[in-house]
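File shown: work.pdb (PDB, C-alpha atoms and all ligand atoms).
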MODEL        1
ATOM      1  CA  MET G  12       3.595   1.313  -1.595
ATOM      2  CA  TYR G  13       0.341   3.216  -2.035
ATOM      3  CA  ILE G  14      -1.344   4.312   1.212
ATOM      4  CA  SER G  15      -4.780   5.879   1.119
ATOM      5  CA  THR G  16      -8.380   5.589   2.283
ATOM      6  CA  THR G  17      -9.624   4.750  -1.237
ATOM      7  CA  PRO G  18      -8.396   2.242  -3.852
ATOM      8  CA  SER G  19      -5.766   3.382  -6.370
ATOM      9  CA  GLU G  20      -6.439   3.462 -10.126
ATOM     10  CA  LYS G  21      -4.113   0.452 -10.398
ATOM     11  CA  LEU G  22      -6.139  -1.546  -7.866
ATOM     12  CA  LYS G  23      -9.393  -0.621  -9.608
ATOM     13  CA  GLU G  24      -7.944  -1.917 -12.868
ATOM     14  CA  LEU G  25      -6.643  -5.114 -11.240
ATOM     15  CA  TYR G  26      -9.956  -5.664  -9.459
ATOM     16  CA  SER G  27     -12.005  -5.266 -12.639
ATOM     17  CA  ASN G  28      -9.842  -7.753 -14.569
ATOM     18  CA  ALA G  29      -8.841 -10.247 -11.871
ATOM     19  CA  ARG G  30      -9.862 -13.895 -12.111
ATOM     20  CA  ARG G  31      -8.117 -15.416  -9.062
ATOM     21  CA  VAL G  32      -8.634 -13.474  -5.803
ATOM     22  CA  CYS G  33      -7.900 -14.547  -2.224
ATOM     23  CA  VAL G  34      -8.946 -12.815   1.003
ATOM     24  CA  LEU G  35      -7.759 -13.404   4.577
ATOM     25  CA  THR G  36      -9.863 -11.879   7.363
ATOM     26  CA  GLY G  37      -9.272 -11.458  11.077
ATOM     27  CA  ALA G  38     -11.244 -10.183  14.038
ATOM     28  CA  GLY G  39     -11.297  -6.637  12.622
ATOM     29  CA  ILE G  40     -13.865  -7.494   9.972
ATOM     30  CA  SER G  41     -16.336  -8.353  12.751
ATOM     31  CA  ALA G  42     -15.505  -5.263  14.843
ATOM     32  CA  GLU G  43     -18.281  -3.181  13.199
ATOM     33  CA  SER G  44     -20.723  -5.967  14.055
ATOM     34  CA  GLY G  45     -19.895  -5.382  17.715
ATOM     35  CA  VAL G  46     -17.721  -8.488  18.126
ATOM     36  CA  PRO G  47     -14.771  -7.549  20.379
ATOM     37  CA  THR G  48     -11.335  -7.893  18.793
ATOM     38  CA  PHE G  49      -8.469  -9.534  20.645
ATOM     39  CA  ARG G  50      -5.894  -6.806  20.663
ATOM     40  CA  GLY G  51      -8.117  -3.811  20.407
ATOM     41  CA  GLY G  52      -9.444  -4.445  23.925
ATOM     42  CA  GLY G  53     -13.187  -4.803  24.249
ATOM     43  CA  GLY G  54     -13.315  -7.885  26.346
ATOM     44  CA  ALA G  55     -12.146 -10.721  24.116
ATOM     45  CA  SER G  56      -8.643 -10.537  25.435
ATOM     46  CA  VAL G  57      -8.758 -11.463  29.143
ATOM     47  CA  TRP G  58     -10.700 -14.126  31.089
ATOM     48  CA  LYS G  59     -10.541 -14.148  34.900
ATOM     49  CA  GLY G  60      -7.109 -12.539  34.756
ATOM     50  CA  MET G  61      -5.799 -14.934  32.081
ATOM     51  CA  PRO G  62      -4.720 -13.458  28.724
ATOM     52  CA  PHE G  63      -6.650 -15.087  25.862
ATOM     53  CA  THR G  64      -3.460 -16.753  24.640
ATOM     54  CA  GLU G  65      -3.566 -18.716  27.928
ATOM     55  CA  ILE G  66      -7.276 -19.523  28.295
ATOM     56  CA  SER G  67      -7.447 -20.314  24.553
ATOM     57  CA  SER G  68      -4.569 -22.788  24.663
ATOM     58  CA  ALA G  69      -4.102 -26.533  24.297
ATOM     59  CA  GLN G  70      -2.721 -26.686  27.833
ATOM     60  CA  MET G  71      -5.957 -25.294  29.279
ATOM     61  CA  VAL G  72      -7.983 -28.099  27.659
ATOM     62  CA  GLU G  73      -5.785 -30.545  29.570
ATOM     63  CA  ARG G  74      -5.792 -28.473  32.733
ATOM     64  CA  ASP G  75      -9.365 -27.263  33.043
ATOM     65  CA  LEU G  76     -11.787 -28.075  30.218
ATOM     66  CA  ASP G  77     -14.711 -26.746  32.286
ATOM     67  CA  GLU G  78     -13.028 -23.317  32.399
ATOM     68  CA  VAL G  79     -12.412 -23.440  28.647
ATOM     69  CA  TRP G  80     -16.129 -24.188  28.164
ATOM     70  CA  ALA G  81     -17.044 -21.275  30.462
ATOM     71  CA  TRP G  82     -14.847 -18.929  28.373
ATOM     72  CA  PHE G  83     -16.318 -20.074  25.061
ATOM     73  CA  ASP G  84     -19.903 -20.093  26.411
ATOM     74  CA  TYR G  85     -19.307 -16.477  27.453
ATOM     75  CA  ARG G  86     -17.994 -15.572  23.996
ATOM     76  CA  ARG G  87     -20.875 -17.365  22.256
ATOM     77  CA  ASP G  88     -23.277 -15.378  24.435
ATOM     78  CA  VAL G  89     -21.510 -12.141  23.419
ATOM     79  CA  ILE G  90     -21.805 -12.903  19.690
ATOM     80  CA  LYS G  91     -25.182 -14.712  19.544
ATOM     81  CA  ASP G  92     -27.151 -11.592  18.487
ATOM     82  CA  LYS G  93     -24.403 -10.020  16.339
ATOM     83  CA  LYS G  94     -25.120  -9.544  12.648
ATOM     84  CA  PRO G  95     -22.810  -9.376   9.623
ATOM     85  CA  ASN G  96     -21.775  -5.832   8.652
ATOM     86  CA  GLU G  97     -21.206  -4.166   5.263
ATOM     87  CA  GLY G  98     -17.729  -5.672   5.110
ATOM     88  CA  HIS G  99     -18.950  -9.290   5.413
ATOM     89  CA  ILE G 100     -21.776  -8.570   2.961
ATOM     90  CA  ALA G 101     -19.457  -7.030   0.367
ATOM     91  CA  LEU G 102     -17.157 -10.073   0.494
ATOM     92  CA  ALA G 103     -20.133 -12.451   0.170
ATOM     93  CA  GLU G 104     -20.773 -10.875  -3.255
ATOM     94  CA  TRP G 105     -17.191 -11.505  -4.367
ATOM     95  CA  HIS G 106     -17.866 -15.257  -4.610
ATOM     96  CA  ASN G 107     -19.889 -14.553  -7.765
ATOM     97  CA  ARG G 108     -17.732 -11.644  -8.926
ATOM     98  CA  PHE G 109     -14.567 -13.639  -9.621
ATOM     99  CA  GLU G 110     -13.865 -16.869 -11.463
ATOM    100  CA  ASP G 111     -11.803 -18.249  -8.579
ATOM    101  CA  PHE G 112     -12.493 -16.549  -5.234
ATOM    102  CA  THR G 113     -11.196 -17.873  -1.905
ATOM    103  CA  LEU G 114     -12.256 -16.511   1.479
ATOM    104  CA  VAL G 115     -10.026 -17.578   4.365
ATOM    105  CA  THR G 116     -10.814 -16.465   7.916
ATOM    106  CA  GLN G 117      -9.092 -16.656  11.291
ATOM    107  CA  ASN G 118     -12.426 -15.832  12.914
ATOM    108  CA  ILE G 119     -14.558 -18.410  14.691
ATOM    109  CA  ASP G 120     -17.750 -16.280  14.855
ATOM    110  CA  GLY G 121     -19.325 -17.720  11.681
ATOM    111  CA  LEU G 122     -20.457 -14.273  10.459
ATOM    112  CA  HIS G 123     -19.107 -14.795   6.915
ATOM    113  CA  TRP G 124     -21.522 -17.745   6.523
ATOM    114  CA  VAL G 125     -24.407 -15.676   7.919
ATOM    115  CA  ALA G 126     -23.555 -12.887   5.415
ATOM    116  CA  GLY G 127     -24.035 -15.394   2.579
ATOM    117  CA  SER G 128     -20.459 -16.477   1.811
ATOM    118  CA  SER G 129     -20.835 -19.910   0.299
ATOM    119  CA  ASP G 130     -17.415 -21.385   0.946
ATOM    120  CA  VAL G 131     -15.349 -20.145   3.878
ATOM    121  CA  ILE G 132     -12.030 -21.682   4.907
ATOM    122  CA  GLU G 133     -12.154 -21.445   8.721
ATOM    123  CA  LEU G 134      -8.532 -21.853   9.790
ATOM    124  CA  HIS G 135      -9.334 -21.662  13.508
ATOM    125  CA  GLY G 136     -12.613 -23.574  13.612
ATOM    126  CA  ASN G 137     -16.055 -22.360  14.616
ATOM    127  CA  ILE G 138     -17.299 -21.328  18.064
ATOM    128  CA  ASN G 139     -20.756 -22.794  17.387
ATOM    129  CA  ARG G 140     -19.457 -26.352  17.055
ATOM    130  CA  ALA G 141     -18.159 -28.935  19.562
ATOM    131  CA  ARG G 142     -15.736 -31.794  18.888
ATOM    132  CA  CYS G 143     -15.206 -35.057  20.737
ATOM    133  CA  VAL G 144     -11.668 -35.395  22.095
ATOM    134  CA  MET G 145     -11.858 -39.158  21.532
ATOM    135  CA  CYS G 146     -13.619 -39.884  18.229
ATOM    136  CA  GLU G 147     -13.453 -36.346  16.759
ATOM    137  CA  ALA G 148     -17.208 -36.400  16.007
ATOM    138  CA  ARG G 149     -18.558 -32.851  15.607
ATOM    139  CA  PHE G 150     -21.822 -31.428  16.898
ATOM    140  CA  ASP G 151     -23.477 -28.077  16.244
ATOM    141  CA  LEU G 152     -24.143 -26.036  19.362
ATOM    142  CA  ASP G 153     -27.353 -24.104  20.038
ATOM    143  CA  ARG G 154     -26.330 -20.459  19.566
ATOM    144  CA  ASP G 155     -28.734 -19.225  22.206
ATOM    145  CA  LYS G 156     -27.694 -21.435  25.083
ATOM    146  CA  LYS G 157     -24.669 -22.529  27.049
ATOM    147  CA  HIS G 158     -23.418 -25.887  25.795
ATOM    148  CA  GLU G 159     -25.609 -28.535  27.406
ATOM    149  CA  SER G 160     -23.630 -31.734  27.395
ATOM    150  CA  ASP G 161     -19.936 -32.462  27.666
ATOM    151  CA  ILE G 162     -20.445 -36.046  26.609
ATOM    152  CA  CYS G 163     -20.140 -37.308  23.019
ATOM    153  CA  GLN G 164     -23.363 -39.001  21.871
ATOM    154  CA  LYS G 165     -21.297 -41.396  19.767
ATOM    155  CA  CYS G 166     -18.569 -42.673  22.068
ATOM    156  CA  ASN G 167     -19.169 -41.085  25.504
ATOM    157  CA  GLY G 168     -15.885 -39.218  25.199
ATOM    158  CA  ARG G 169     -15.615 -35.588  26.348
ATOM    159  CA  LEU G 170     -16.600 -32.726  24.094
ATOM    160  CA  ARG G 171     -14.560 -29.538  23.642
ATOM    161  CA  PRO G 172     -15.091 -26.398  21.547
ATOM    162  CA  ASP G 173     -14.255 -27.138  17.894
ATOM    163  CA  VAL G 174     -11.751 -24.291  17.639
ATOM    164  CA  VAL G 175      -7.972 -24.275  17.109
ATOM    165  CA  LEU G 176      -6.264 -23.148  20.291
ATOM    166  CA  PHE G 177      -2.755 -21.772  20.720
ATOM    167  CA  GLY G 178      -0.295 -24.626  20.511
ATOM    168  CA  GLU G 179      -2.640 -26.715  18.313
ATOM    169  CA  TYR G 180      -2.290 -27.543  14.634
ATOM    170  CA  LEU G 181      -4.653 -25.981  12.143
ATOM    171  CA  PRO G 182      -6.973 -28.311  10.185
ATOM    172  CA  ILE G 183      -4.454 -29.569   7.639
ATOM    173  CA  ASN G 184      -6.778 -29.671   4.620
ATOM    174  CA  ALA G 185      -8.019 -26.144   5.308
ATOM    175  CA  PHE G 186      -4.537 -24.706   5.703
ATOM    176  CA  GLU G 187      -3.113 -26.515   2.695
ATOM    177  CA  ARG G 188      -5.986 -25.273   0.524
ATOM    178  CA  ALA G 189      -5.457 -21.732   1.824
ATOM    179  CA  MET G 190      -1.743 -21.973   1.006
ATOM    180  CA  ARG G 191      -2.433 -23.262  -2.522
ATOM    181  CA  LYS G 192      -4.843 -20.402  -3.213
ATOM    182  CA  SER G 193      -2.402 -17.859  -1.737
ATOM    183  CA  ARG G 194       0.275 -19.101  -4.140
ATOM    184  CA  SER G 195      -1.961 -18.982  -7.220
ATOM    185  CA  CYS G 196      -3.967 -15.777  -6.745
ATOM    186  CA  GLU G 197      -3.362 -12.486  -8.597
ATOM    187  CA  LEU G 198      -4.888 -10.274  -5.926
ATOM    188  CA  PHE G 199      -4.691 -10.902  -2.156
ATOM    189  CA  PHE G 200      -6.602  -8.786   0.388
ATOM    190  CA  VAL G 201      -5.652  -9.042   4.082
ATOM    191  CA  ILE G 202      -8.460  -7.486   6.088
ATOM    192  CA  GLY G 203      -8.809  -6.731   9.796
ATOM    193  CA  THR G 204      -5.917  -8.684  11.258
ATOM    194  CA  SER G 205      -2.996  -7.616  13.421
ATOM    195  CA  ALA G 206      -0.981 -10.262  11.520
ATOM    196  CA  LEU G 207       0.597 -11.589  14.716
ATOM    197  CA  VAL G 208      -0.805 -15.126  14.767
ATOM    198  CA  TYR G 209       0.909 -17.784  12.675
ATOM    199  CA  PRO G 210       0.673 -19.744  10.476
ATOM    200  CA  ALA G 211      -2.368 -17.716   9.241
ATOM    201  CA  ALA G 212      -0.373 -14.469   9.086
ATOM    202  CA  GLY G 213       2.091 -16.207   6.749
ATOM    203  CA  LEU G 214      -0.489 -16.488   3.963
ATOM    204  CA  PRO G 215      -0.191 -12.864   2.748
ATOM    205  CA  GLU G 216       3.596 -13.265   2.755
ATOM    206  CA  ILE G 217       3.269 -16.368   0.560
ATOM    207  CA  ALA G 218       0.906 -14.558  -1.816
ATOM    208  CA  LYS G 219       3.344 -11.682  -2.143
ATOM    209  CA  GLU G 220       6.251 -14.062  -2.726
ATOM    210  CA  TYR G 221       4.308 -15.735  -5.547
ATOM    211  CA  GLY G 222       3.573 -12.441  -7.278
ATOM    212  CA  ALA G 223       0.136 -11.391  -6.033
ATOM    213  CA  TYR G 224      -0.739  -7.712  -5.623
ATOM    214  CA  LEU G 225      -1.088  -7.482  -1.823
ATOM    215  CA  VAL G 226      -3.692  -5.108  -0.335
ATOM    216  CA  GLU G 227      -4.200  -4.485   3.387
ATOM    217  CA  VAL G 228      -7.480  -3.075   4.760
ATOM    218  CA  ASN G 229      -7.015  -1.908   8.349
ATOM    219  CA  PRO G 230      -7.374   1.396  10.237
ATOM    220  CA  GLU G 231      -3.969   0.692  11.800
ATOM    221  CA  THR G 232      -0.517  -0.262  10.555
ATOM    222  CA  THR G 233       0.545  -3.879  11.093
ATOM    223  CA  PRO G 234       3.782  -5.877  10.650
ATOM    224  CA  LEU G 235       2.463  -6.769   7.170
ATOM    225  CA  SER G 236       1.927  -3.174   6.021
ATOM    226  CA  SER G 237       5.518  -2.712   4.878
ATOM    227  CA  ILE G 238       5.350  -5.587   2.355
ATOM    228  CA  CYS G 239       1.942  -4.594   0.948
ATOM    229  CA  ASP G 240       1.581  -3.011  -2.485
ATOM    230  CA  GLU G 241      -1.363  -0.999  -1.211
ATOM    231  CA  VAL G 242      -2.613  -0.121   2.280
ATOM    232  CA  LEU G 243      -6.217   1.100   2.547
ATOM    233  CA  GLN G 244      -6.374   2.764   5.956
ATOM    234  CA  GLY G 245      -9.922   2.513   7.178
ATOM    235  CA  ARG G 246     -12.668   0.261   8.381
ATOM    236  CA  ALA G 247     -13.643  -2.813   6.375
ATOM    237  CA  GLY G 248     -17.323  -1.818   6.487
ATOM    238  CA  GLU G 249     -16.459   1.465   4.737
ATOM    239  CA  ILE G 250     -13.782   0.375   2.303
ATOM    240  CA  LEU G 251     -15.069  -2.963   0.963
ATOM    241  CA  PRO G 252     -18.414  -1.589  -0.291
ATOM    242  CA  MET G 253     -16.396   0.864  -2.427
ATOM    243  CA  PHE G 254     -15.595  -2.113  -4.668
ATOM    244  CA  LYS G 255     -19.289  -2.524  -5.424
ATOM    245  CA  HIS G 256     -19.115   0.768  -7.372
ATOM    246  CA  GLN G 257     -19.874   0.052 -11.025
ATOM    247  CA  ALA G 258     -16.961   2.319 -12.018
ATOM    248  CA  TYR G 259     -14.593  -0.577 -11.696
ATOM    249  CA  CYS G 260     -16.646  -3.698 -11.907
ATOM    250  CA  LYS G 261     -17.070  -5.372 -15.249
TER
HETATM  251  C1  LIG O 301       0.473 -23.558  15.578
HETATM  252  C2  LIG O 301      -9.243 -19.473  18.132
HETATM  253  C3  LIG O 301       1.849 -25.408  15.092
HETATM  254  C4  LIG O 301      -9.299 -19.405  19.639
HETATM  255  C5  LIG O 301      -7.079 -18.467  17.579
HETATM  256  C6  LIG O 301       4.350 -21.889  21.139
HETATM  257  C7  LIG O 301       3.819 -23.155  20.902
HETATM  258  C8  LIG O 301       3.074 -23.420  19.761
HETATM  259  C9  LIG O 301       2.826 -22.428  18.861
HETATM  260  C10 LIG O 301       3.344 -21.173  19.128
HETATM  261  C11 LIG O 301       4.121 -20.890  20.237
HETATM  262  N1  LIG O 301       4.477 -19.571  20.190
HETATM  263  C12 LIG O 301       3.955 -19.007  19.104
HETATM  264  C13 LIG O 301       3.284 -19.962  18.448
HETATM  265  C14 LIG O 301       2.561 -19.826  17.264
HETATM  266  C15 LIG O 301       1.152 -19.390  17.699
HETATM  267  C16 LIG O 301       1.132 -17.885  17.536
HETATM  268  O1  LIG O 301       1.115 -17.408  16.418
HETATM  269  N2  LIG O 301       1.133 -17.148  18.661
HETATM  270  C17 LIG O 301       1.144 -15.694  18.570
HETATM  271  C18 LIG O 301       0.311 -15.107  19.699
HETATM  272  C19 LIG O 301       2.588 -15.220  18.607
HETATM  273  N3  LIG O 301       0.238 -20.050  16.805
HETATM  274  C20 LIG O 301      -0.345 -21.195  17.166
HETATM  275  O2  LIG O 301      -0.256 -21.716  18.250
HETATM  276  C21 LIG O 301      -1.147 -21.836  16.039
HETATM  277  N4  LIG O 301      -0.770 -23.215  15.900
HETATM  278  O3  LIG O 301       1.393 -22.789  15.489
HETATM  279  O4  LIG O 301       0.563 -24.907  15.352
HETATM  280  C22 LIG O 301       2.375 -25.927  16.376
HETATM  281  C23 LIG O 301       1.572 -26.718  17.159
HETATM  282  C24 LIG O 301       2.116 -27.241  18.323
HETATM  283  C25 LIG O 301       3.416 -26.930  18.690
HETATM  284  C26 LIG O 301       4.190 -26.096  17.879
HETATM  285  C27 LIG O 301       3.672 -25.592  16.731
HETATM  286  C28 LIG O 301      -2.624 -21.778  16.369
HETATM  287  C29 LIG O 301      -3.087 -20.329  16.332
HETATM  288  C30 LIG O 301      -4.604 -20.302  16.445
HETATM  289  C31 LIG O 301      -5.024 -19.779  17.793
HETATM  290  N5  LIG O 301      -6.478 -19.592  17.828
HETATM  291  N6  LIG O 301      -8.421 -18.373  17.623
HETATM  292  C32 LIG O 301     -10.049 -18.185  20.115
HETATM  293  O5  LIG O 301     -10.638 -17.436  19.298
HETATM  294  O6  LIG O 301     -10.082 -18.003  21.359
HETATM  295  S1  LIG O 301      -6.140 -17.129  17.095
HETATM  296  C33 LIG O 301      -6.940 -15.696  17.481
HETATM  297  O7  LIG O 301      -6.040 -14.651  17.061
HETATM  298  C34 LIG O 301      -8.208 -15.456  16.690
HETATM  299  O8  LIG O 301      -8.517 -16.470  15.748
HETATM  300  C35 LIG O 301      -7.867 -14.190  15.942
HETATM  301  O9  LIG O 301      -8.519 -14.067  14.743
HETATM  302  C36 LIG O 301      -6.438 -14.403  15.741
HETATM  303  C37 LIG O 301      -5.621 -13.297  15.205
HETATM  304  O10 LIG O 301      -6.020 -12.112  15.764
HETATM  305  P1  LIG O 301      -6.684 -11.035  14.768
HETATM  306  O11 LIG O 301      -7.793 -11.692  14.021
HETATM  307  O12 LIG O 301      -5.641 -10.395  13.966
HETATM  308  O13 LIG O 301      -7.355 -10.028  15.799
HETATM  309  P2  LIG O 301      -6.638  -8.838  16.569
HETATM  310  O14 LIG O 301      -7.588  -8.371  17.625
HETATM  311  O15 LIG O 301      -5.251  -9.212  16.927
HETATM  312  O16 LIG O 301      -6.499  -7.671  15.458
HETATM  313  C38 LIG O 301      -7.646  -7.060  14.937
HETATM  314  C39 LIG O 301      -7.192  -6.162  13.806
HETATM  315  O17 LIG O 301      -8.342  -5.591  13.190
HETATM  316  C40 LIG O 301      -6.310  -5.002  14.257
HETATM  317  O18 LIG O 301      -5.213  -4.869  13.380
HETATM  318  C41 LIG O 301      -7.235  -3.777  14.115
HETATM  319  O19 LIG O 301      -6.527  -2.609  13.739
HETATM  320  C42 LIG O 301      -8.121  -4.204  12.992
HETATM  321  N7  LIG O 301      -9.454  -3.588  12.959
HETATM  322  C43 LIG O 301     -10.186  -3.140  14.008
HETATM  323  N8  LIG O 301     -11.367  -2.671  13.557
HETATM  324  C44 LIG O 301     -11.374  -2.845  12.201
HETATM  325  C45 LIG O 301     -10.162  -3.433  11.825
HETATM  326  N9  LIG O 301      -9.858  -3.730  10.547
HETATM  327  C46 LIG O 301     -10.786  -3.433   9.610
HETATM  328  N10 LIG O 301     -11.983  -2.880   9.884
HETATM  329  C47 LIG O 301     -12.305  -2.577  11.165
HETATM  330  N11 LIG O 301     -13.501  -2.002  11.435
ENDMDL
END

C-alpha cells encoding of this file:
Amino acid sequence: MYISTTPSEKLKELYSNARRVCVLTGAGISAESGVPTFRGGGGASVWKGMPFTEISSAQMVERDLDEVWAWFDYRRDVIKDKKPNEGHIALAEWHNRFEDFTLVTQNIDGLHWVAGSSDVIELHGNINRARCVMCEARFDLDRDKKHESDICQKCNGRLRPDVVLFGEYLPINAFERAMRKSRSCELFFVIGTSALVYPAAGLPEIAKEYGAYLVEVNPETTPLSSICDEVLQGRAGEILPMFKHQAYCK
C-alpha cells in the first residue's frame, strides 16, 4: 500500500488513462466548508443529550417526529450559508473528465450539487427535502427557514425529512446503481468518511473485490485504509485539486 500526501506515479498514470471512475464521499468532504462532521465532534453528533445515531433513527420518527424536525431544522440552519470547497469543486470537474464518472455521497447537505456536480447519487437523501409518510410525495424545503408545514399538500399525511435514518433502508435504485458502478469501475476514490456506516461503507470493499484501484483521501486512518492500494493522508480540499494539474491529465 502506498501512503503519502501526494498521488503516486502509478495513480497519476491510472488517473490520466481511466475511463470508469467512481467516488464515494462522506462528511469529511464538507468539513472545509464548515459543515460539522459526525465523529470529528463539532456539533453534528449530539442533540439534547441524544447521540446522532439515536435522534437520526427510524424509531425517533415513530416516537417524536417533532423532535426529529427540530434536529433537522437546526442542522439546516447550520448549513444554510455554507459553500462548496475546493474538494467539491474539483470533483464537479471530474464529470467531464472521464467517460463514465459516478459520484456517490453519504452526505445530505447538497453541496455537491451546489458545486456543479450534475449527477449525484445521494444514498442518505437530502436535508433540504421533505417526504410524506403516507403517499411518499416529496417537497423542497426553503433553505433559509424552519420547515413550515408538517402536512402533505397532496394527501394530508405527515411530512418528515427526506433523509435515510439509522434502521431505514437506502433508496433501492440509488444503492443498486452505486453497487453496479462500484463493480465496474477501474478507479475508486473513498473521500472523507470514517467508513463505519453500512451499507455505504461496503461500496469501496466491492470495488476492491472487483479489481478497482482503491484510493482513500482522509487525514486519518480508517477501517478501510488497510485494504486500499493508496492512502492520501490529507484534506480533500488540498488533495483533490492536485488532480487538476496538467501533468497528469490528458
Ligand atoms: C440499513 C442521514 C438495512 C441522517 C445517515 C441496527 C438496525 C438496523 C441497521 C443497523 C443496526 N446496527 C447497525 C446497522 C447498520 C447501520 C449502521 O451502519 N450503523 C453504524 C453506526 C454501525 N446502518 C443503517 O441503519 C443503514 N440502513 O442498514 O438498512 C436495515 C434496515 C432495517 C433493519 C435492518 C437493516 C442506514 C444508514 C444511514 C444513516 N443515515 N445520515 C443524518 O445525517 O442525520 S448516516 C451518517 O453517517 C451521515 O450520512 C454520514 O455521512 C454517515 C457516515 O459518516 P461519515 O460521512 O463517515 O462522517 P464521520 O463524521 O463519521 O467521518 C468523517 C470523516 O472525514 C473522518 O474519517 C475524518 O477523518 C474525515 N475528514 C475530516 N475532515 C476531512 C476529512 N476527510 C477529508 N478531508 C477533510 N478536510

Shell of 8 Å around Asn229 of chain G, only C-alpha atoms, local chain residues under 4 positions omitted, as a PyMOL selection string
chain G and resi 39+202-204+242-247

Mind telling me what the PyMOL selection byres (((chain G and resi 160) around 12) and not hetatm) catches here, as an MDAnalysis selection string?
chainID G and resid 77 80 141:143 150:153 156:159 161:164 167:172

Mind dumping the selected residues with C-alpha atoms as a PDB file, in the coordinates of the input?
ATOM      1  CA  ASP G  77     -14.711 -26.746  32.286  1.00  0.00           C
ATOM      2  CA  TRP G  80     -16.129 -24.188  28.164  1.00  0.00           C
ATOM      3  CA  ALA G 141     -18.159 -28.935  19.562  1.00  0.00           C
ATOM      4  CA  ARG G 142     -15.736 -31.794  18.888  1.00  0.00           C
ATOM      5  CA  CYS G 143     -15.206 -35.057  20.737  1.00  0.00           C
ATOM      6  CA  PHE G 150     -21.822 -31.428  16.898  1.00  0.00           C
ATOM      7  CA  ASP G 151     -23.477 -28.077  16.244  1.00  0.00           C
ATOM      8  CA  LEU G 152     -24.143 -26.036  19.362  1.00  0.00           C
ATOM      9  CA  ASP G 153     -27.353 -24.104  20.038  1.00  0.00           C
ATOM     10  CA  LYS G 156     -27.694 -21.435  25.083  1.00  0.00           C
ATOM     11  CA  LYS G 157     -24.669 -22.529  27.049  1.00  0.00           C
ATOM     12  CA  HIS G 158     -23.418 -25.887  25.795  1.00  0.00           C
ATOM     13  CA  GLU G 159     -25.609 -28.535  27.406  1.00  0.00           C
ATOM     14  CA  ASP G 161     -19.936 -32.462  27.666  1.00  0.00           C
ATOM     15  CA  ILE G 162     -20.445 -36.046  26.609  1.00  0.00           C
ATOM     16  CA  CYS G 163     -20.140 -37.308  23.019  1.00  0.00           C
ATOM     17  CA  GLN G 164     -23.363 -39.001  21.871  1.00  0.00           C
ATOM     18  CA  ASN G 167     -19.169 -41.085  25.504  1.00  0.00           C
ATOM     19  CA  GLY G 168     -15.885 -39.218  25.199  1.00  0.00           C
ATOM     20  CA  ARG G 169     -15.615 -35.588  26.348  1.00  0.00           C
ATOM     21  CA  LEU G 170     -16.600 -32.726  24.094  1.00  0.00           C
ATOM     22  CA  ARG G 171     -14.560 -29.538  23.642  1.00  0.00           C
ATOM     23  CA  PRO G 172     -15.091 -26.398  21.547  1.00  0.00           C
TER      24      PRO G 172
END

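With distances restricted to all atoms listed in the file, G:Val34 is the closest residue to Trp105 of chain G from G:Val125, G:Ile14, G:Val34, G:Met61.
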
What lies within 10 Å of Ser129 of chain G using all atoms listed in the file, ignoring chain neighbours under 6 positions off, as an mmCIF file with C-alpha atoms, in the frame of the given file?
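The resulting around38.cif:
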data_model
loop_
_atom_site.group_PDB
_atom_site.id
_atom_site.type_symbol
_atom_site.label_atom_id
_atom_site.label_comp_id
_atom_site.auth_asym_id
_atom_site.auth_seq_id
_atom_site.Cartn_x
_atom_site.Cartn_y
_atom_site.Cartn_z
ATOM 1 C CA ALA G 103 -20.133 -12.451 0.170
ATOM 2 C CA GLU G 104 -20.773 -10.875 -3.255
ATOM 3 C CA HIS G 106 -17.866 -15.257 -4.610
ATOM 4 C CA ASN G 107 -19.889 -14.553 -7.765
ATOM 5 C CA LEU G 114 -12.256 -16.511 1.479
ATOM 6 C CA HIS G 123 -19.107 -14.795 6.915
#

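Of note, atom CA of Asp240 of chain G and atom CA of Leu207 of chain G are spaced 19.2 Å apart.
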
Find the spatial neighbours of Asp173 of chain G, counting only C-alpha atoms, within a cut-off of 8 Å - ignore same-chain residues fewer than 4 positions away - and output them as a PyMOL selection string.
chain G and resi 136-142+149

Quick one: which residues end up in the PyMOL selection byres (((chain G and resi 180-189) around 10) and not hetatm) for this structure, as JSON, numbers by chain?
{"G": [33, 34, 35, 69, 113, 114, 115, 116, 131, 132, 133, 134, 135, 136, 174, 175, 176, 177, 178, 179, 190, 191, 192, 193, 194, 209, 210, 211, 214]}

Please give the centre and size of the box around ligand LIG 301 (chain O) (axis-aligned, containing every atom listed in the file, 4 Å added per side), with values in Å to one decimal and written as JSON.
{"center_x": -4.5, "center_y": -14.6, "center_z": 15.5, "size_x": 26.0, "size_y": 33.2, "size_z": 19.7}

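Shortest separation to ligand LIG 301 (chain O) among G:Asn96, G:Ser237, G:Thr48, G:Thr16 occurs at residue G:Thr48, atoms counted being all atoms listed in the file.
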
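Put simply, atom CA of Leu198 of chain G is 15.6 Å away from atom CA of Gly213 of chain G.
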
The PyMOL selection byres (((chain G and resi 126) around 7) and not hetatm) on the file shown: which residues, as a ChimeraX atom specification?
/G:95,99-100,103,122-125,127-128

Those same residues - C-alpha atoms - I'd like them written as a PDB file, in the frame of the given file.
ATOM      1  CA  PRO G  95     -22.810  -9.376   9.623  1.00  0.00           C
ATOM      2  CA  HIS G  99     -18.950  -9.290   5.413  1.00  0.00           C
ATOM      3  CA  ILE G 100     -21.776  -8.570   2.961  1.00  0.00           C
ATOM      4  CA  ALA G 103     -20.133 -12.451   0.170  1.00  0.00           C
ATOM      5  CA  LEU G 122     -20.457 -14.273  10.459  1.00  0.00           C
ATOM      6  CA  HIS G 123     -19.107 -14.795   6.915  1.00  0.00           C
ATOM      7  CA  TRP G 124     -21.522 -17.745   6.523  1.00  0.00           C
ATOM      8  CA  VAL G 125     -24.407 -15.676   7.919  1.00  0.00           C
ATOM      9  CA  GLY G 127     -24.035 -15.394   2.579  1.00  0.00           C
ATOM     10  CA  SER G 128     -20.459 -16.477   1.811  1.00  0.00           C
TER      11      SER G 128
END

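Note that atom CA of Leu25 of chain G and atom C36 of ligand LIG 301 (chain O) are 28.5 Å apart.
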
For Glu78 of chain G, which residue out of G:Arg154, G:Lys59, G:Arg30, G:Lys255 is the nearest one, using all atoms listed in the file?
G:Lys59

Across G:Leu251, G:Leu235, G:Ala42, G:Met145, the smallest distance to ligand LIG 301 (chain O), with only C-alpha atoms and all ligand atoms counted, is shown by G:Ala42

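Ranking G:Ser205, G:Asn28, G:Ser56, G:Ser41 by their shortest atom-to-atom distance to ligand LIG 301 (chain O), with all atoms listed in the file included, puts G:Ser205 first.
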